[in-house]
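Inspection log for the structure reproduced underneath, given as structure tokens.
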Amino acid sequence: LCGAEMDAHAEDGTPLPGRRPVWVRSGTTLRIGGARRGLRACLAVAGGIAVPAVLACASAPLAPAPWALAASALPPYAEHPAVRVVRGREAERFEAASLEAFGLAAYRVTPQSDRMGCRLDGERLVLASPLEMISEAVTPGTVQVPPEGRPIALLADAQTTGGYPRIAHIAAVDLPLVTQVRLGGTLRFREIPLAEAQALFLHRELAFRQLEAAVRARIKSL
């Protein structure tokens with residue numbers, strides 16, 4: 001069980017610890033309640049779950065392994081994170097005051113958010129002059145600004161093209177921070193150079209490989 005820190009336990013009240021393998025006796029009922037920190041969590045089951053697949057997805061006394069992933073291996077989930085971004089293709093088409101506000105104002109996550117995009121409410125972002133765009137490439141992490149001036153941070157189920165100005169793109173290492181902000185929570189954007197965003201990504205990939213090697217070695221030693 002990884003991601004947000006969840007209130008999870010077996011039916012007899014035994015806690016289900018996160019970030020480690022847990023042996024579960026057949027017939028045991030697991031209960032996963034609200035998140036104490038963060039918003040979303042993932043439950044992985046060895047061998048998969050024996051239920052019919054829908055849209056390629058499946059809708060699962062404990063014995064935890066004597067080790068767990070260190071908290072330092074997780075993204076620094078926070079109630080009001082500062083999310084690092086690089087400047088987008090159409091950023092210069094916005095008024096200078098709007099560009100400044102984008103890097104200073106707090107934006108609130110609205111109930112209209114979903115897996116396609118995190119819709120934000122806050123300082124209105126205004127173009128310096130009208131802009132007619134054809135649809136261009138977007139990816140998870142692209143921050144688009146529709147005509148009403150409220151930014152949308154695209155997420156996992158984002159479309160592949162879009163016709164709104166792209167004011168920024170979220171650094172890949174910080175995209176998980178956006179997905180863990182609860183409805184009504186706020187976030188801020190902080191611009192960094194592209195080279196820094198790329199270095200952060202490479203550092204994370206190296207950390208993932210080191211983590212995988214350490215986990216495999218630990219499991220083998222048990």
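Numbering starts fresh at 1 for the residues of each chain in the structure tokens, the chains themselves are lettered A, B, ... in the order given, and ligands are numbered from 1 as they appear.
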**Asked** Can you list, as an MDAnalysis selection string, every residue of region 57-124 of chain A that DSSP puts in strand (DSSP E)?
**Response** chainID A and resid 63:64 82:87 107:109 117:121
**Message:** Considering only helix (DSSP H, G or I) as DSSP defines it on the backbone, what residues of region 5-221 of chain A qualify? List them as a VMD selection string.
**Reply:** chain A and resid 71 to 73 91 to 93 96 to 102 172 to 179 194 to 221
**Fill in**
One decimal place gives the CA of Leu16 (chain A)-CA of Ser221 (chain A) separation as 22.7 Å
**Request:** Excluding region 62-64 of chain A and residues on its chain fewer than 3 positions from it, collect all residues at most 12 Å away from it, counting only C-alpha atoms, and give them as a list in words.
**Result:** Leu1, Ala8, His9, Ala10, Glu11, Asp12, Gly13, Thr14, Pro15, Leu16, Pro17, Gly18, Arg19, Arg20, Pro21, Val22, Trp23, Val24, Arg25, Ser26, Gly27, Thr28, Thr29, Leu30, Trp67 and Ala68 of chain A
Output C-alpha atoms of each residue in that selection to a file, as a short mmCIF file (atom, residue, chain, number, x, y, z; two decimals), in the first residue's frame.
```
data_model
loop_
_atom_site.label_atom_id
_atom_site.label_comp_id
_atom_site.auth_asym_id
_atom_site.auth_seq_id
_atom_site.Cartn_x
_atom_site.Cartn_y
_atom_site.Cartn_z
CA LEU A 1 0.00 0.00 0.00
CA ALA A 8 -5.83 0.76 6.70
CA HIS A 9 -6.31 -2.37 8.80
CA ALA A 10 -7.58 -5.94 8.84
CA GLU A 11 -11.09 -6.71 10.07
CA ASP A 12 -9.75 -7.56 13.54
CA GLY A 13 -8.14 -4.12 13.83
CA THR A 14 -4.57 -5.19 13.00
CA PRO A 15 -2.94 -2.22 11.20
CA LEU A 16 -1.94 -2.66 7.57
CA PRO A 17 1.44 -0.91 7.30
CA GLY A 18 2.39 0.81 4.07
CA ARG A 19 5.48 0.78 1.87
CA ARG A 20 6.35 -2.89 2.50
CA PRO A 21 5.18 -6.40 1.51
CA VAL A 22 2.48 -7.81 3.80
CA TRP A 23 1.39 -11.47 3.94
CA VAL A 24 -2.42 -11.66 4.32
CA ARG A 25 -4.21 -14.85 5.37
CA SER A 26 -6.82 -16.11 2.89
CA GLY A 27 -10.30 -14.86 3.77
CA THR A 28 -9.08 -11.78 5.62
CA THR A 29 -11.05 -8.59 5.00
CA LEU A 30 -8.99 -5.44 4.55
CA TRP A 67 11.49 -3.66 6.49
CA ALA A 68 9.85 -0.75 4.69
#
```
**Neighbour list for region 120-133 of chain A as JSON, numbers by chain, cut-off 7 Å, only C-alpha atoms, skip fewer than 5 positions in-chain** = {"A": [93, 94, 95, 98, 101, 105, 106, 107, 108, 109, 110, 149, 150, 151, 152, 163]}
Closest pair table for region 130-200 of chain A residues within 6 Å of region 74-89 of chain A, only C-alpha atoms, as CSV:
```
residue,atom,partner,partner_atom,distance
A:Arg166,CA,A:Gly88,CA,5.2
A:Ile167,CA,A:Gly88,CA,4.5
A:Ala168,CA,A:Gly88,CA,3.8
A:His169,CA,A:Val85,CA,5.3
A:Ile170,CA,A:Val85,CA,4.2
A:Ala171,CA,A:Val85,CA,5.2
A:Asp174,CA,A:Val83,CA,5.9
A:Leu177,CA,A:Tyr77,CA,5.7
A:Thr186,CA,A:His80,CA,5.1
A:Leu187,CA,A:His80,CA,4.9
A:Arg188,CA,A:Ala82,CA,4.8
A:Phe189,CA,A:Val83,CA,4.8
A:Arg190,CA,A:Arg84,CA,4.7
A:Glu191,CA,A:Val85,CA,4.8
A:Ile192,CA,A:Val86,CA,5.5
A:Leu194,CA,A:Val86,CA,5.8
```
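One finds CA of Glu212 (chain A) at 26.5 Å from CA of Asp157 (chain A).
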**Message:** I'd like the contact shell of Glu205 (chain A) - 10 Å cut-off, only C-alpha atoms, skipping same-chain residues fewer than 6 positions apart - returned as a PyMOL selection string.
**Reply:** chain A and resi 173+199+211
